[in-house]
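Encoded as structure tokens, the structure appears first; notes follow it.
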Amino acid sequence: MSFSFFKPSRPKTPPEVAKAIKDSLNALDTKTVAEVKALEKAMEEVEKNFVTMRCMLSGDGEVEPNVEQVSQLALEISKEDVISLVVHKLPILGWEARKDLVLCWSILLKQQVDSKYCCVEYIEKNLELLDFLVVCYDNKEIALNCGNMLRECIKFPSLAQYILNSASFVLFFKFVELPNFDVASDAFSTFKDILTKHASLVAEYLTGHYDEFFDLYEKLLTSSNYVTRRQSLKLLSDFLLEAPNVQIMKRYILEVRYLKIMMTLLRDSSKNIQISAFHIFKVFVANPNKPREIKIILAKNHEKLLELLNSLSGKGAEDEQFEEEKELIIKEIEKVSRLQSLKS
């Protein structure tokens with residue numbers, strides 16, 4: 001009598017895993033799955049295949065992943081259009097399947113086959129997948145999964161550049177203020193990565209979309225939401241004061257409307273916002289080429305500004321440098337005020 005059915009099944013090869021994932025995802029098509037039980041069975045099959053993929057890519061805790069198999073699986077998943085399938089099926093996947101997918105997505109994107117990132121190249125040829133992931137922030141069930149996947153994509157310049165220049169990029173100005181705190185925070189993390197991971201790309205984008213971008217950004221800085229104001233102000237410092245954006249910064253500090261925003265934020269009830277606002281405000285004041293309109297506003301408001309600045313203090317190890325900078329800014333405001341008085 002044969003007891004062969006007690007033998008462990010032969011491990012699937014990378015092509016078999018890729019095909020199994022593709023077939024099980026296609027079985028989730030609601031047009032073909034009419035019965036609830038059939039759909040549940042199809043979902044179980046997807047989850048089982050995702051576990052197999054995860055183990056092949058990251059090991060199972062006891063056995064390390066086989067480097068050749070990992071590369072081959074990345075290649076097969078690209079060839080079989082599995083990447084497109086997993087993105088579009090994301091909204092109907094279960095929690096466990098989405099968790100495994102996010103882990104696998106990160107590993108797959110980093111895999112090089114013949115010195116090429118095959119999964120990244122696939123996305124480059126199917127850029128609408130990035131738009132789909134961005135729009136999914138509107139679905140709170142999968143928003144955090146999509147955010148993780150997007151941030152992995154943003155690590156690659158070609159994909160980050162597409163998102164920056166796509167019509168879907170402006171949606172982030174809405175997503176960062178969504179009522180769900182977790183989703184809004186995740187959207188801001190992605191927004192921050194887009195604007196800070198590739199400085200030269202951002203400088204190029206801001207040069208071509210200056211008015212559109214900063215009109216939208218102004219709404220974040222003046223938001224009634226404290227978290228939005230604080231995060232957007234800190235992010236503005238992070239990218240605006242970076243060396244590649246020096247020309248953008250020079251243009252920004254010539255504009256009266258943005259000086260007025262910083263002056264308003266200096267009066268914010270939050271000390272953290274006041275300090276962050278100071279670090280941008282000081283650039284307006286220290287600019288040796290201040291326009292006449294900027295000088296007039298500084299002179300007109302010099303008493304209130306000096307009162308605000310004198311009451312403002314740094315924190316921790318930054319105290320000494322902060323006080324030095326503050327002193328220089330106070331002196332510059334006093335100088336501008338005196339010169340404007342002489343002219344009037």
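Ligands are numbered from 1 in the order shown, residues from 1 within each chain, and chains are lettered A, B, ... in the order they appear in the structure tokens.
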If you count only C-alpha atoms, which residues fall within 10 Å of Phe50 in chain A, apart from same-chain ones fewer than 3 positions away, as a PyMOL selection string? chain A and resi 17-18+20-21+24+44-47+53-56+96-101+104
Per DSSP on the backbone, what are the alpha helix (DSSP H) residues of range 106-231 of chain A, as a ChimeraX atom specification? /A:106-110,118-125,128-135,143-154,157-165,172-175,181-196,199-208,210-221,226-231
What lies within 12 Å of Lys125 in chain A using only C-alpha atoms, ignoring chain neighbours under 5 positions off, as a PyMOL selection string? chain A and resi 78+81+83-84+118-120+130+158-159+162
Within 12 Å of Ser224 in chain A, counting only C-alpha atoms, which residues qualify if same-chain residues fewer than 6 places away don't, as a ChimeraX atom specification? /A:177,230,265,268
Restricted to all heavy atoms, what would the selected residues look like written as an mmCIF file, in the first residue's frame?
```cif
data_model
loop_
_atom_site.group_PDB
_atom_site.id
_atom_site.type_symbol
_atom_site.label_atom_id
_atom_site.label_comp_id
_atom_site.auth_asym_id
_atom_site.auth_seq_id
_atom_site.Cartn_x
_atom_site.Cartn_y
_atom_site.Cartn_z
ATOM 1 N N GLU A 177 -5.384 66.467 4.675
ATOM 2 C CA GLU A 177 -6.364 67.047 5.596
ATOM 3 C C GLU A 177 -7.625 66.191 5.712
ATOM 4 O O GLU A 177 -8.671 66.672 6.142
ATOM 5 C CB GLU A 177 -6.728 68.464 5.158
ATOM 6 C CG GLU A 177 -5.592 69.457 5.328
ATOM 7 C CD GLU A 177 -6.079 70.866 5.610
ATOM 8 O OE1 GLU A 177 -6.250 71.186 6.805
ATOM 9 O OE2 GLU A 177 -6.298 71.612 4.647
ATOM 10 N N ARG A 230 1.488 72.798 11.405
ATOM 11 C CA ARG A 230 2.816 72.476 11.942
ATOM 12 C C ARG A 230 3.620 71.613 10.958
ATOM 13 O O ARG A 230 4.795 71.888 10.679
ATOM 14 C CB ARG A 230 2.681 71.748 13.282
ATOM 15 C CG ARG A 230 4.021 71.408 13.895
ATOM 16 C CD ARG A 230 3.882 70.752 15.255
ATOM 17 N NE ARG A 230 5.180 70.351 15.765
ATOM 18 C CZ ARG A 230 5.371 69.735 16.932
ATOM 19 N NH1 ARG A 230 4.340 69.470 17.709
ATOM 20 N NH2 ARG A 230 6.579 69.385 17.318
ATOM 21 N N LEU A 265 2.071 83.325 11.384
ATOM 22 C CA LEU A 265 2.457 82.096 12.088
ATOM 23 C C LEU A 265 3.376 82.381 13.275
ATOM 24 O O LEU A 265 3.427 81.612 14.229
ATOM 25 C CB LEU A 265 3.122 81.124 11.110
ATOM 26 C CG LEU A 265 2.178 80.523 10.062
ATOM 27 C CD1 LEU A 265 2.961 79.770 8.983
ATOM 28 C CD2 LEU A 265 1.168 79.583 10.709
ATOM 29 N N ASP A 268 1.255 82.478 16.222
ATOM 30 C CA ASP A 268 0.478 81.268 16.515
ATOM 31 C C ASP A 268 0.570 80.932 18.004
ATOM 32 O O ASP A 268 1.566 81.242 18.668
ATOM 33 C CB ASP A 268 1.006 80.091 15.677
ATOM 34 C CG ASP A 268 0.015 78.944 15.583
ATOM 35 O OD1 ASP A 268 -0.020 78.121 16.523
ATOM 36 O OD2 ASP A 268 -0.734 78.879 14.599
#
```
Excluding same-chain residues fewer than 2 positions from range 327-339 of chain A, what lies within 8 Å of it counting only C-alpha atoms, as a PyMOL selection string? chain A and resi 282+285-286+295+298-300+302+306+309+323-325+341-343
Using N, CA, C and O atoms, can you write the selected residues to a file as a PDB file, in the first residue's frame?
```
ATOM      1  N   LYS A 282      13.162  84.509   9.044  1.00  0.00           N
ATOM      2  CA  LYS A 282      14.504  85.109   9.114  1.00  0.00           C
ATOM      3  C   LYS A 282      15.148  85.234   7.726  1.00  0.00           C
ATOM      4  O   LYS A 282      15.958  86.136   7.491  1.00  0.00           O
ATOM      5  N   VAL A 285      13.933  88.427   6.148  1.00  0.00           N
ATOM      6  CA  VAL A 285      14.565  89.602   6.767  1.00  0.00           C
ATOM      7  C   VAL A 285      16.041  89.709   6.384  1.00  0.00           C
ATOM      8  O   VAL A 285      16.556  90.790   6.098  1.00  0.00           O
ATOM      9  N   ALA A 286      16.741  88.565   6.369  1.00  0.00           N
ATOM     10  CA  ALA A 286      18.181  88.567   6.099  1.00  0.00           C
ATOM     11  C   ALA A 286      18.505  88.776   4.619  1.00  0.00           C
ATOM     12  O   ALA A 286      19.659  89.069   4.277  1.00  0.00           O
ATOM     13  N   LYS A 295      10.323  95.742   2.792  1.00  0.00           N
ATOM     14  CA  LYS A 295      10.900  96.673   3.772  1.00  0.00           C
ATOM     15  C   LYS A 295       9.810  97.507   4.438  1.00  0.00           C
ATOM     16  O   LYS A 295       9.853  97.746   5.657  1.00  0.00           O
ATOM     17  N   LEU A 298       7.982  95.367   7.032  1.00  0.00           N
ATOM     18  CA  LEU A 298       8.824  95.142   8.214  1.00  0.00           C
ATOM     19  C   LEU A 298       8.901  96.406   9.075  1.00  0.00           C
ATOM     20  O   LEU A 298       8.831  96.336  10.310  1.00  0.00           O
ATOM     21  N   ALA A 299       9.028  97.559   8.409  1.00  0.00           N
ATOM     22  CA  ALA A 299       9.116  98.821   9.147  1.00  0.00           C
ATOM     23  C   ALA A 299       7.796  99.159   9.826  1.00  0.00           C
ATOM     24  O   ALA A 299       7.763  99.565  11.000  1.00  0.00           O
ATOM     25  N   LYS A 300       6.712  98.978   9.112  1.00  0.00           N
ATOM     26  CA  LYS A 300       5.380  99.296   9.628  1.00  0.00           C
ATOM     27  C   LYS A 300       5.035  98.454  10.856  1.00  0.00           C
ATOM     28  O   LYS A 300       4.356  98.912  11.780  1.00  0.00           O
ATOM     29  N   HIS A 302       7.361  96.851  12.829  1.00  0.00           N
ATOM     30  CA  HIS A 302       8.593  96.523  13.544  1.00  0.00           C
ATOM     31  C   HIS A 302       8.396  96.407  15.059  1.00  0.00           C
ATOM     32  O   HIS A 302       8.992  95.553  15.704  1.00  0.00           O
ATOM     33  N   LEU A 306       9.295  93.003  16.968  1.00  0.00           N
ATOM     34  CA  LEU A 306      10.343  92.965  17.992  1.00  0.00           C
ATOM     35  C   LEU A 306       9.796  92.414  19.304  1.00  0.00           C
ATOM     36  O   LEU A 306      10.478  91.654  20.006  1.00  0.00           O
ATOM     37  N   LEU A 309       9.496  88.628  18.759  1.00  0.00           N
ATOM     38  CA  LEU A 309      10.797  87.960  18.723  1.00  0.00           C
ATOM     39  C   LEU A 309      11.464  87.946  20.096  1.00  0.00           C
ATOM     40  O   LEU A 309      12.099  86.963  20.478  1.00  0.00           O
ATOM     41  N   GLU A 323      19.289  82.132  19.659  1.00  0.00           N
ATOM     42  CA  GLU A 323      19.379  83.485  20.224  1.00  0.00           C
ATOM     43  C   GLU A 323      20.274  84.382  19.369  1.00  0.00           C
ATOM     44  O   GLU A 323      19.987  85.569  19.188  1.00  0.00           O
ATOM     45  N   GLU A 324      21.348  83.817  18.839  1.00  0.00           N
ATOM     46  CA  GLU A 324      22.247  84.595  17.969  1.00  0.00           C
ATOM     47  C   GLU A 324      21.527  85.028  16.697  1.00  0.00           C
ATOM     48  O   GLU A 324      21.625  86.181  16.262  1.00  0.00           O
ATOM     49  N   GLU A 325      20.814  84.076  16.098  1.00  0.00           N
ATOM     50  CA  GLU A 325      20.080  84.389  14.874  1.00  0.00           C
ATOM     51  C   GLU A 325      18.985  85.416  15.139  1.00  0.00           C
ATOM     52  O   GLU A 325      18.772  86.347  14.363  1.00  0.00           O
ATOM     53  N   SER A 341      12.114 105.235   7.982  1.00  0.00           N
ATOM     54  CA  SER A 341      11.706 106.494   8.647  1.00  0.00           C
ATOM     55  C   SER A 341      12.390 107.682   8.006  1.00  0.00           C
ATOM     56  O   SER A 341      11.789 108.754   7.832  1.00  0.00           O
ATOM     57  N   LEU A 342      13.649 107.517   7.633  1.00  0.00           N
ATOM     58  CA  LEU A 342      14.397 108.596   7.003  1.00  0.00           C
ATOM     59  C   LEU A 342      13.847 108.951   5.626  1.00  0.00           C
ATOM     60  O   LEU A 342      13.892 110.092   5.181  1.00  0.00           O
ATOM     61  N   LYS A 343      13.309 107.916   4.939  1.00  0.00           N
ATOM     62  CA  LYS A 343      12.790 108.128   3.587  1.00  0.00           C
ATOM     63  C   LYS A 343      11.398 108.777   3.594  1.00  0.00           C
ATOM     64  O   LYS A 343      10.986 109.393   2.634  1.00  0.00           O
TER      65      LYS A 343
END
```
Any idea what's packed within 7 Å of range 246-258 of chain A, counting only C-alpha atoms, ignoring anything in its chain fewer than 3 positions away? Could you give it as a PyMOL selection string? chain A and resi 207+240-243+261-262+284+290-291+293-294
Just the number, please: distance in Å from CA of Ile163 in chain A to CA of Lys197 in chain A, one decimal. 12.6 Å
Counting only C-alpha atoms, the residue among A:Asn301, A:Gln112, A:Asn165, A:Asn272 that lies closest to Glu204 in chain A is A:Asn165
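For the atom pair formed by CA of Leu108 in chain A and CA of Leu85 in chain A, the distance is 14.7 Å, given to one decimal.
Reported to one decimal place, the separation of CA of Ser232 in chain A from CA of Glu218 in chain A is 9.3 Å.
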Counting only C-alpha atoms, give me one row per residue of range 36-98 of chain A with an atom at most 10 Å from an atom of range 132-151 of chain A, showing the shortest contact pair and its distance in Å to one decimal, sorted by chain then residue number, as a Markdown table.
```
| residue | atom | partner | partner_atom | distance |
| --- | --- | --- | --- | --- |
| A:Val87 | CA | A:Leu133 | CA | 7.4 |
| A:His88 | CA | A:Phe132 | CA | 7.8 |
| A:Leu90 | CA | A:Ile142 | CA | 7.4 |
| A:Pro91 | CA | A:Ile142 | CA | 6.4 |
| A:Ile92 | CA | A:Ile142 | CA | 9.2 |
| A:Leu93 | CA | A:Ile142 | CA | 9.1 |
| A:Gly94 | CA | A:Ile142 | CA | 9.8 |
| A:Trp95 | CA | A:Ile142 | CA | 8.8 |
| A:Arg98 | CA | A:Asn145 | CA | 6.8 |
```
Go ahead and dump the residues you just picked, all heavy atoms, as an mmCIF file, in the first residue's frame.
```cif
data_model
loop_
_atom_site.group_PDB
_atom_site.id
_atom_site.type_symbol
_atom_site.label_atom_id
_atom_site.label_comp_id
_atom_site.auth_asym_id
_atom_site.auth_seq_id
_atom_site.Cartn_x
_atom_site.Cartn_y
_atom_site.Cartn_z
ATOM 1 N N VAL A 87 -2.219 45.400 -7.852
ATOM 2 C CA VAL A 87 -2.608 46.791 -7.570
ATOM 3 C C VAL A 87 -4.110 46.963 -7.754
ATOM 4 O O VAL A 87 -4.810 47.503 -6.885
ATOM 5 C CB VAL A 87 -1.822 47.779 -8.471
ATOM 6 C CG1 VAL A 87 -2.406 49.189 -8.346
ATOM 7 C CG2 VAL A 87 -0.344 47.784 -8.091
ATOM 8 N N HIS A 88 -4.626 46.499 -8.870
ATOM 9 C CA HIS A 88 -6.044 46.702 -9.158
ATOM 10 C C HIS A 88 -6.963 45.856 -8.280
ATOM 11 O O HIS A 88 -8.117 46.231 -8.037
ATOM 12 C CB HIS A 88 -6.323 46.429 -10.638
ATOM 13 C CG HIS A 88 -5.804 47.501 -11.547
ATOM 14 N ND1 HIS A 88 -6.270 48.795 -11.497
ATOM 15 C CD2 HIS A 88 -4.843 47.488 -12.509
ATOM 16 C CE1 HIS A 88 -5.631 49.533 -12.387
ATOM 17 N NE2 HIS A 88 -4.755 48.761 -13.010
ATOM 18 N N LEU A 90 -6.261 45.197 -5.153
ATOM 19 C CA LEU A 90 -6.006 45.604 -3.769
ATOM 20 C C LEU A 90 -7.281 45.936 -2.979
ATOM 21 O O LEU A 90 -7.415 45.518 -1.821
ATOM 22 C CB LEU A 90 -5.051 46.806 -3.773
ATOM 23 C CG LEU A 90 -4.334 47.179 -2.478
ATOM 24 C CD1 LEU A 90 -3.528 46.021 -1.938
ATOM 25 C CD2 LEU A 90 -3.438 48.371 -2.699
ATOM 26 N N PRO A 91 -8.233 46.675 -3.558
ATOM 27 C CA PRO A 91 -9.428 47.041 -2.781
ATOM 28 C C PRO A 91 -10.258 45.858 -2.286
ATOM 29 O O PRO A 91 -11.009 45.999 -1.315
ATOM 30 C CB PRO A 91 -10.236 47.910 -3.769
ATOM 31 C CG PRO A 91 -9.215 48.449 -4.717
ATOM 32 C CD PRO A 91 -8.219 47.347 -4.873
ATOM 33 N N ILE A 92 -10.146 44.692 -2.930
ATOM 34 C CA ILE A 92 -10.979 43.564 -2.496
ATOM 35 C C ILE A 92 -10.180 42.492 -1.740
ATOM 36 O O ILE A 92 -10.743 41.482 -1.315
ATOM 37 C CB ILE A 92 -11.735 42.917 -3.686
ATOM 38 C CG1 ILE A 92 -10.754 42.379 -4.738
ATOM 39 C CG2 ILE A 92 -12.712 43.894 -4.298
ATOM 40 C CD1 ILE A 92 -11.445 41.562 -5.834
ATOM 41 N N LEU A 93 -8.893 42.717 -1.565
ATOM 42 C CA LEU A 93 -8.083 41.743 -0.831
ATOM 43 C C LEU A 93 -8.350 41.834 0.668
ATOM 44 O O LEU A 93 -8.720 42.890 1.188
ATOM 45 C CB LEU A 93 -6.590 41.981 -1.093
ATOM 46 C CG LEU A 93 -6.076 41.741 -2.515
ATOM 47 C CD1 LEU A 93 -4.587 42.047 -2.582
ATOM 48 C CD2 LEU A 93 -6.355 40.319 -2.970
ATOM 49 N N GLY A 94 -8.129 40.731 1.368
ATOM 50 C CA GLY A 94 -8.281 40.700 2.816
ATOM 51 C C GLY A 94 -7.094 41.339 3.510
ATOM 52 O O GLY A 94 -6.059 41.626 2.892
ATOM 53 N N TRP A 95 -7.224 41.537 4.826
ATOM 54 C CA TRP A 95 -6.187 42.226 5.604
ATOM 55 C C TRP A 95 -4.849 41.502 5.548
ATOM 56 O O TRP A 95 -3.798 42.120 5.344
ATOM 57 C CB TRP A 95 -6.654 42.351 7.058
ATOM 58 C CG TRP A 95 -5.743 43.181 7.898
ATOM 59 C CD1 TRP A 95 -5.746 44.538 8.024
ATOM 60 C CD2 TRP A 95 -4.662 42.703 8.728
ATOM 61 N NE1 TRP A 95 -4.751 44.953 8.883
ATOM 62 C CE2 TRP A 95 -4.075 43.843 9.335
ATOM 63 C CE3 TRP A 95 -4.150 41.441 9.017
ATOM 64 C CZ2 TRP A 95 -2.988 43.744 10.207
ATOM 65 C CZ3 TRP A 95 -3.069 41.347 9.898
ATOM 66 C CH2 TRP A 95 -2.507 42.479 10.476
ATOM 67 N N ARG A 98 -3.183 41.803 2.119
ATOM 68 C CA ARG A 98 -2.622 43.148 1.886
ATOM 69 C C ARG A 98 -1.312 43.325 2.658
ATOM 70 O O ARG A 98 -0.356 43.914 2.160
ATOM 71 C CB ARG A 98 -3.630 44.227 2.306
ATOM 72 C CG ARG A 98 -4.892 44.252 1.468
ATOM 73 C CD ARG A 98 -5.620 45.596 1.586
ATOM 74 N NE ARG A 98 -5.929 45.973 2.952
ATOM 75 C CZ ARG A 98 -7.079 45.708 3.562
ATOM 76 N NH1 ARG A 98 -8.031 45.039 2.914
ATOM 77 N NH2 ARG A 98 -7.294 46.102 4.803
#
```
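Contact shell of Ser200 in chain A at 8 Å (only C-alpha atoms; same-chain neighbours under 2 positions omitted): His198, Val202, Ala203, Glu204, Pro244 and Asn245 of chain A.
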For N, CA, C and O atoms, I'd like the residues from the last selection saved as a CSV table (one decimal), in the first residue's frame.
```
chain,number,residue,atom,x,y,z
A,198,HIS,N,14.3,63.5,-3.7
A,198,HIS,CA,15.0,63.8,-4.9
A,198,HIS,C,15.0,65.3,-5.1
A,198,HIS,O,14.2,65.8,-5.9
A,202,VAL,N,12.6,67.9,-7.6
A,202,VAL,CA,11.7,68.8,-6.9
A,202,VAL,C,12.0,70.2,-7.4
A,202,VAL,O,11.0,71.0,-7.7
A,203,ALA,N,13.3,70.6,-7.5
A,203,ALA,CA,13.6,71.9,-7.9
A,203,ALA,C,13.1,72.2,-9.4
A,203,ALA,O,12.6,73.3,-9.7
A,204,GLU,N,13.3,71.2,-10.2
A,204,GLU,CA,12.8,71.3,-11.6
A,204,GLU,C,11.3,71.4,-11.6
A,204,GLU,O,10.7,72.2,-12.4
A,244,PRO,N,19.6,72.7,-3.7
A,244,PRO,CA,19.1,72.7,-5.1
A,244,PRO,C,17.9,73.6,-5.3
A,244,PRO,O,17.6,74.0,-6.5
A,245,ASN,N,17.2,74.0,-4.2
A,245,ASN,CA,16.0,74.9,-4.4
A,245,ASN,C,16.3,76.3,-4.1
A,245,ASN,O,15.4,77.1,-3.8
```
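Of the listed residues (A:Tyr122, A:Tyr226, A:Phe239, A:Tyr210), A:Phe239 comes nearest to Phe191 in chain A; the distances count only C-alpha atoms.
These are the residues of range 41-266 of chain A assigned strand (DSSP E) by DSSP from backbone coordinates: Gln112, Val113, Lys116 and Tyr117 of chain A.
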Could you turn the residues from that selection into a file that holds all heavy atoms, as a PDB file, in the first residue's frame?
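Result written to result38.pdb:
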```pdb
ATOM      1  N   GLN A 112      17.215  43.326  -8.634  1.00  0.00           N
ATOM      2  CA  GLN A 112      17.850  43.587  -9.921  1.00  0.00           C
ATOM      3  C   GLN A 112      18.058  42.276 -10.667  1.00  0.00           C
ATOM      4  O   GLN A 112      18.551  41.299 -10.108  1.00  0.00           O
ATOM      5  CB  GLN A 112      19.192  44.285  -9.727  1.00  0.00           C
ATOM      6  CG  GLN A 112      19.069  45.743  -9.334  1.00  0.00           C
ATOM      7  CD  GLN A 112      20.423  46.414  -9.242  1.00  0.00           C
ATOM      8  OE1 GLN A 112      21.161  46.227  -8.282  1.00  0.00           O
ATOM      9  NE2 GLN A 112      20.761  47.191 -10.251  1.00  0.00           N
ATOM     10  N   VAL A 113      17.688  42.275 -11.922  1.00  0.00           N
ATOM     11  CA  VAL A 113      17.928  41.128 -12.806  1.00  0.00           C
ATOM     12  C   VAL A 113      18.721  41.664 -13.991  1.00  0.00           C
ATOM     13  O   VAL A 113      18.241  42.539 -14.722  1.00  0.00           O
ATOM     14  CB  VAL A 113      16.606  40.490 -13.282  1.00  0.00           C
ATOM     15  CG1 VAL A 113      16.895  39.301 -14.193  1.00  0.00           C
ATOM     16  CG2 VAL A 113      15.758  40.043 -12.084  1.00  0.00           C
ATOM     17  N   LYS A 116      19.126  45.357 -13.941  1.00  0.00           N
ATOM     18  CA  LYS A 116      17.919  46.170 -14.149  1.00  0.00           C
ATOM     19  C   LYS A 116      16.872  45.857 -13.075  1.00  0.00           C
ATOM     20  O   LYS A 116      16.724  44.706 -12.665  1.00  0.00           O
ATOM     21  CB  LYS A 116      17.324  45.903 -15.541  1.00  0.00           C
ATOM     22  CG  LYS A 116      18.201  46.368 -16.696  1.00  0.00           C
ATOM     23  CD  LYS A 116      17.521  46.078 -18.019  1.00  0.00           C
ATOM     24  CE  LYS A 116      18.375  46.549 -19.188  1.00  0.00           C
ATOM     25  NZ  LYS A 116      17.711  46.257 -20.493  1.00  0.00           N
ATOM     26  N   TYR A 117      16.185  46.891 -12.648  1.00  0.00           N
ATOM     27  CA  TYR A 117      15.085  46.701 -11.698  1.00  0.00           C
ATOM     28  C   TYR A 117      13.834  46.357 -12.504  1.00  0.00           C
ATOM     29  O   TYR A 117      13.107  47.247 -12.961  1.00  0.00           O
ATOM     30  CB  TYR A 117      14.856  47.975 -10.880  1.00  0.00           C
ATOM     31  CG  TYR A 117      15.998  48.324  -9.959  1.00  0.00           C
ATOM     32  CD1 TYR A 117      16.944  49.277 -10.322  1.00  0.00           C
ATOM     33  CD2 TYR A 117      16.130  47.700  -8.717  1.00  0.00           C
ATOM     34  CE1 TYR A 117      17.995  49.612  -9.470  1.00  0.00           C
ATOM     35  CE2 TYR A 117      17.181  48.020  -7.864  1.00  0.00           C
ATOM     36  CZ  TYR A 117      18.111  48.974  -8.245  1.00  0.00           C
ATOM     37  OH  TYR A 117      19.154  49.289  -7.407  1.00  0.00           O
TER      38      TYR A 117
END
```
